[in-house]
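Okay, structure first, notes after.
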Amino acid sequence: MKERASIVVEEYLQLIYSLIANGKRVKAVNLVKRLKSSPSTVHATLSRLQRDDLITIGEKKEIEFTPAGFDKAEQLTRRHRLVEDFLCNTLGISWHEVHKHAHVLEHGLTEMVEEKLAEFLDFPKSCPHGTPLPGEDSHLPEDMCCLHDMEMGDVVEIVIIDELLEESVDLMKFLQDKNCTPGQQHTVMEKTDITKTVILESENSRATLPFDIADKIGVIKISST
Ligand SMILES: [Zn+2]
Ligand SMILES: [Zn+2]
């Protein structure tokens, strides 16, 4: 097993990768917030990533990958999503909690194990939460948009629960309990700017989701009334 320090480095790379994929400009302050870590710890780790030539930090304090950092982050992200698929669809571990177990296992995978695992799983295109493996984005529906952009009366099918939401096991359990998982269809019953919530209803569930969560759920519109 790797020493703790390199595991931390790998976790930072993955988080930066997910934030950038989410269209965010990433700064140290975002990582402090997300990791619930102290600014000094985050700055020390970022210095290490800079020293190892994995990231650069620009004048506006924006964090960007170097080509080597990007490759490493992609590889780790691919491993993470493959392991999630294995844990969920082969070992039968619950959908809402595979993310945290994958975060532990992914660091121990060698290139050979990664290749064999991908083959064993028949080369999945996405993780169980719908996020494509790096390089597989073209498999996403072209008309996918975020749940927040839907209107009252729209019937939607969920495609992606964003990786950033996976960090909260409680939230993922809530989404699973409310049938808010990829492939499930829901009607948008209400969208209110006052409370900043979207209410979804499916055959046997009703879920109230704040806009900041609806922003991170990718859907396709099936029909509208
Ligand atoms: Zn995950
Ligand atoms: Zn996932």
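Ordering of the structure tokens sets the chain letters (A, B, ...); residue numbers start at 1 within each chain; ligands are numbered from 1 in the order shown.
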Contacts to ligand 1 at 6 Å cut-off (only C-alpha atoms and all ligand atoms) as JSON, numbers by chain
{"A": [99, 163, 166]}
Identify, counting only C-alpha atoms and all ligand atoms, the protein, DNA and RNA residues located within 6 Å of ligand 2, and give them as a VMD selection string.
chain A and resid 81 127 to 129 163
What residues in stretch 56-184 of chain A get the DSSP label strand (DSSP E or B)? Please answer as a list of chain:residue names.
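Going through stretch 56-184 of chain A, the strand (DSSP E or B) residues come out as A:Thr56, A:Ile57, A:Ile63, A:Glu64, A:Phe65, A:Ser126, A:Pro132, A:Cys145, A:Cys146, A:Val155, A:Val156, A:Glu157, A:Ile158, A:Val159, A:Ile160, A:Ile161.
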Can you tell me, as an NGL selection string, what residues are no more than 6 Å from A:Met152 when counting only C-alpha atoms, ignoring any on the same chain fewer than 4 positions away?
:A and (188-190)
Among listed residues A:Leu87, A:Leu35, A:Leu140, A:Leu15, nearest A:Leu117 (using only C-alpha atoms):
A:Leu87
Which residues come within 12 Å of A:Phe174, counting only C-alpha atoms, excluding same-chain residues fewer than 3 positions away, as a ChimeraX atom specification?
/A:95-97,165-166,168-171,177-181,205-209
Just want the 7 Å neighbourhood of A:Lys216, counted on only C-alpha atoms, with same-chain residues fewer than 3 positions away dropped. Output as a ChimeraX atom specification.
/A:146,161-162,212-213
Using only C-alpha atoms, which of the listed residues (A:Leu31, A:Glu74, A:Ile194, A:Ile220) sits closest to A:Leu19?
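Under the stated criterion, the closest residue is A:Leu31.
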Contacts of A:Val156 at 6 Å or less, counting only C-alpha atoms, minus same-chain residues fewer than 6 places along, as a PyMOL selection string?
chain A and resi 185-186+220-222
Emit the selected residues as a PDB file, in the first residue's frame, including N, CA and C atoms.
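Below is the file out_7.pdb, written as the result:
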```pdb
ATOM      1  N   GLN A 185     -37.424   7.768 -14.119  1.00  0.00           N
ATOM      2  CA  GLN A 185     -38.175   8.909 -14.647  1.00  0.00           C
ATOM      3  C   GLN A 185     -38.992   9.590 -13.551  1.00  0.00           C
ATOM      4  N   HIS A 186     -39.041  10.913 -13.623  1.00  0.00           N
ATOM      5  CA  HIS A 186     -39.759  11.721 -12.640  1.00  0.00           C
ATOM      6  C   HIS A 186     -40.477  12.863 -13.346  1.00  0.00           C
ATOM      7  N   ILE A 220     -32.438  14.042 -19.110  1.00  0.00           N
ATOM      8  CA  ILE A 220     -32.972  14.319 -20.434  1.00  0.00           C
ATOM      9  C   ILE A 220     -34.475  14.494 -20.289  1.00  0.00           C
ATOM     10  N   LYS A 221     -35.022  15.386 -21.120  1.00  0.00           N
ATOM     11  CA  LYS A 221     -36.465  15.615 -21.049  1.00  0.00           C
ATOM     12  C   LYS A 221     -37.165  14.570 -21.914  1.00  0.00           C
ATOM     13  N   ILE A 222     -38.122  13.870 -21.307  1.00  0.00           N
ATOM     14  CA  ILE A 222     -38.871  12.838 -22.030  1.00  0.00           C
ATOM     15  C   ILE A 222     -40.102  13.469 -22.678  1.00  0.00           C
TER      16      ILE A 222
END
```
Return as number ranges by chain the full set of residues in stretch 53-92 of chain A whose backbone-based DSSP assignment is helix (DSSP H, G or I).
A: 67-90
Just write the chosen residues, N, CA and C atoms, as a PDB file, in the first residue's frame.
```
ATOM      1  N   PRO A  67       0.283  18.703 -17.981  1.00  0.00           N
ATOM      2  CA  PRO A  67      -0.097  17.495 -18.726  1.00  0.00           C
ATOM      3  C   PRO A  67       0.092  16.225 -17.884  1.00  0.00           C
ATOM      4  N   ALA A  68       1.183  16.158 -17.119  1.00  0.00           N
ATOM      5  CA  ALA A  68       1.429  14.961 -16.290  1.00  0.00           C
ATOM      6  C   ALA A  68       0.366  14.839 -15.199  1.00  0.00           C
ATOM      7  N   GLY A  69      -0.011  15.971 -14.610  1.00  0.00           N
ATOM      8  CA  GLY A  69      -1.026  15.961 -13.559  1.00  0.00           C
ATOM      9  C   GLY A  69      -2.378  15.542 -14.107  1.00  0.00           C
ATOM     10  N   PHE A  70      -2.683  16.031 -15.309  1.00  0.00           N
ATOM     11  CA  PHE A  70      -3.959  15.689 -15.936  1.00  0.00           C
ATOM     12  C   PHE A  70      -4.034  14.180 -16.214  1.00  0.00           C
ATOM     13  N   ASP A  71      -2.941  13.633 -16.751  1.00  0.00           N
ATOM     14  CA  ASP A  71      -2.911  12.188 -17.046  1.00  0.00           C
ATOM     15  C   ASP A  71      -3.116  11.377 -15.779  1.00  0.00           C
ATOM     16  N   LYS A  72      -2.446  11.788 -14.721  1.00  0.00           N
ATOM     17  CA  LYS A  72      -2.541  11.040 -13.464  1.00  0.00           C
ATOM     18  C   LYS A  72      -3.965  11.145 -12.888  1.00  0.00           C
ATOM     19  N   ALA A  73      -4.529  12.346 -12.957  1.00  0.00           N
ATOM     20  CA  ALA A  73      -5.885  12.544 -12.434  1.00  0.00           C
ATOM     21  C   ALA A  73      -6.898  11.712 -13.231  1.00  0.00           C
ATOM     22  N   GLU A  74      -6.688  11.650 -14.548  1.00  0.00           N
ATOM     23  CA  GLU A  74      -7.592  10.846 -15.393  1.00  0.00           C
ATOM     24  C   GLU A  74      -7.489   9.369 -15.055  1.00  0.00           C
ATOM     25  N   GLN A  75      -6.256   8.919 -14.871  1.00  0.00           N
ATOM     26  CA  GLN A  75      -6.049   7.500 -14.557  1.00  0.00           C
ATOM     27  C   GLN A  75      -6.727   7.138 -13.223  1.00  0.00           C
ATOM     28  N   LEU A  76      -6.535   8.001 -12.225  1.00  0.00           N
ATOM     29  CA  LEU A  76      -7.140   7.745 -10.908  1.00  0.00           C
ATOM     30  C   LEU A  76      -8.656   7.772 -10.986  1.00  0.00           C
ATOM     31  N   THR A  77      -9.170   8.724 -11.750  1.00  0.00           N
ATOM     32  CA  THR A  77     -10.617   8.849 -11.888  1.00  0.00           C
ATOM     33  C   THR A  77     -11.186   7.624 -12.595  1.00  0.00           C
ATOM     34  N   ARG A  78     -10.485   7.148 -13.628  1.00  0.00           N
ATOM     35  CA  ARG A  78     -10.931   5.938 -14.322  1.00  0.00           C
ATOM     36  C   ARG A  78     -10.972   4.763 -13.337  1.00  0.00           C
ATOM     37  N   ARG A  79      -9.909   4.624 -12.543  1.00  0.00           N
ATOM     38  CA  ARG A  79      -9.855   3.521 -11.565  1.00  0.00           C
ATOM     39  C   ARG A  79     -10.994   3.635 -10.550  1.00  0.00           C
ATOM     40  N   HIS A  80     -11.218   4.850 -10.089  1.00  0.00           N
ATOM     41  CA  HIS A  80     -12.285   5.076  -9.107  1.00  0.00           C
ATOM     42  C   HIS A  80     -13.633   4.601  -9.669  1.00  0.00           C
ATOM     43  N   ARG A  81     -13.916   4.977 -10.885  1.00  0.00           N
ATOM     44  CA  ARG A  81     -15.235   4.667 -11.458  1.00  0.00           C
ATOM     45  C   ARG A  81     -15.369   3.187 -11.802  1.00  0.00           C
ATOM     46  N   LEU A  82     -14.255   2.569 -12.203  1.00  0.00           N
ATOM     47  CA  LEU A  82     -14.274   1.127 -12.453  1.00  0.00           C
ATOM     48  C   LEU A  82     -14.526   0.374 -11.151  1.00  0.00           C
ATOM     49  N   VAL A  83     -13.831   0.776 -10.100  1.00  0.00           N
ATOM     50  CA  VAL A  83     -13.991   0.106  -8.806  1.00  0.00           C
ATOM     51  C   VAL A  83     -15.426   0.277  -8.310  1.00  0.00           C
ATOM     52  N   GLU A  84     -16.000   1.464  -8.501  1.00  0.00           N
ATOM     53  CA  GLU A  84     -17.395   1.669  -8.092  1.00  0.00           C
ATOM     54  C   GLU A  84     -18.313   0.687  -8.814  1.00  0.00           C
ATOM     55  N   ASP A  85     -18.084   0.516 -10.110  1.00  0.00           N
ATOM     56  CA  ASP A  85     -18.910  -0.407 -10.891  1.00  0.00           C
ATOM     57  C   ASP A  85     -18.772  -1.832 -10.324  1.00  0.00           C
ATOM     58  N   PHE A  86     -17.543  -2.219 -10.038  1.00  0.00           N
ATOM     59  CA  PHE A  86     -17.273  -3.558  -9.497  1.00  0.00           C
ATOM     60  C   PHE A  86     -17.987  -3.745  -8.148  1.00  0.00           C
ATOM     61  N   LEU A  87     -17.842  -2.772  -7.263  1.00  0.00           N
ATOM     62  CA  LEU A  87     -18.428  -2.890  -5.924  1.00  0.00           C
ATOM     63  C   LEU A  87     -19.956  -2.939  -5.993  1.00  0.00           C
ATOM     64  N   CYS A  88     -20.523  -2.130  -6.885  1.00  0.00           N
ATOM     65  CA  CYS A  88     -21.979  -2.020  -6.968  1.00  0.00           C
ATOM     66  C   CYS A  88     -22.582  -3.201  -7.733  1.00  0.00           C
ATOM     67  N   ASN A  89     -22.046  -3.451  -8.930  1.00  0.00           N
ATOM     68  CA  ASN A  89     -22.707  -4.427  -9.810  1.00  0.00           C
ATOM     69  C   ASN A  89     -22.181  -5.843  -9.684  1.00  0.00           C
ATOM     70  N   THR A  90     -20.993  -6.025  -9.114  1.00  0.00           N
ATOM     71  CA  THR A  90     -20.479  -7.390  -8.933  1.00  0.00           C
ATOM     72  C   THR A  90     -20.606  -7.822  -7.473  1.00  0.00           C
TER      73      THR A  90
END
```
Of the listed residues A:Ile217, A:Ala118, A:Ala102, A:Ile57, that which approaches A:Val26 most closely, counting only C-alpha atoms
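Between A:Ile217, A:Ala118, A:Ala102, A:Ile57, the residue approaching A:Val26 most closely is A:Ile57.
Considering the residues A:Glu106, A:Glu157, A:Glu151, A:Glu114 and counting only C-alpha atoms, A:Asp193 has its shortest atom-to-atom contact with A:Glu151.
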Which of A:Thr56, A:Thr225, A:Gln176, A:Thr45 sits closest to A:Glu10 [using only C-alpha atoms]
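Of A:Thr56, A:Thr225, A:Gln176, A:Thr45, the one nearest A:Glu10 is A:Thr45, counting only C-alpha atoms.
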So which residues touch A:Lys27 within 9 Å, counting only C-alpha atoms, skipping near sequence neighbours fewer than 2 positions away, as a PyMOL selection string?
chain A and resi 25+29-31+57+60-63
Mind writing the picked residues with C-alpha atoms as a tab-separated table (two decimals), in the first residue's frame?
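Final output, selection.tsv:
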```
chain	number	residue	atom	x	y	z
A	25	ARG	CA	-12.51	27.54	-11.56
A	29	VAL	CA	-10.27	28.13	-0.95
A	30	ASN	CA	-12.64	25.75	-2.81
A	31	LEU	CA	-10.59	22.79	-1.64
A	57	ILE	CA	-1.21	27.92	-9.69
A	60	LYS	CA	-5.36	34.65	-10.05
A	61	LYS	CA	-4.65	31.68	-7.74
A	62	GLU	CA	-6.40	29.36	-10.16
A	63	ILE	CA	-5.25	25.74	-10.03
```
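Computed from the coordinates, the atom CA of A:Leu13 to atom CA of A:Leu49 distance equals 8.6 Å.
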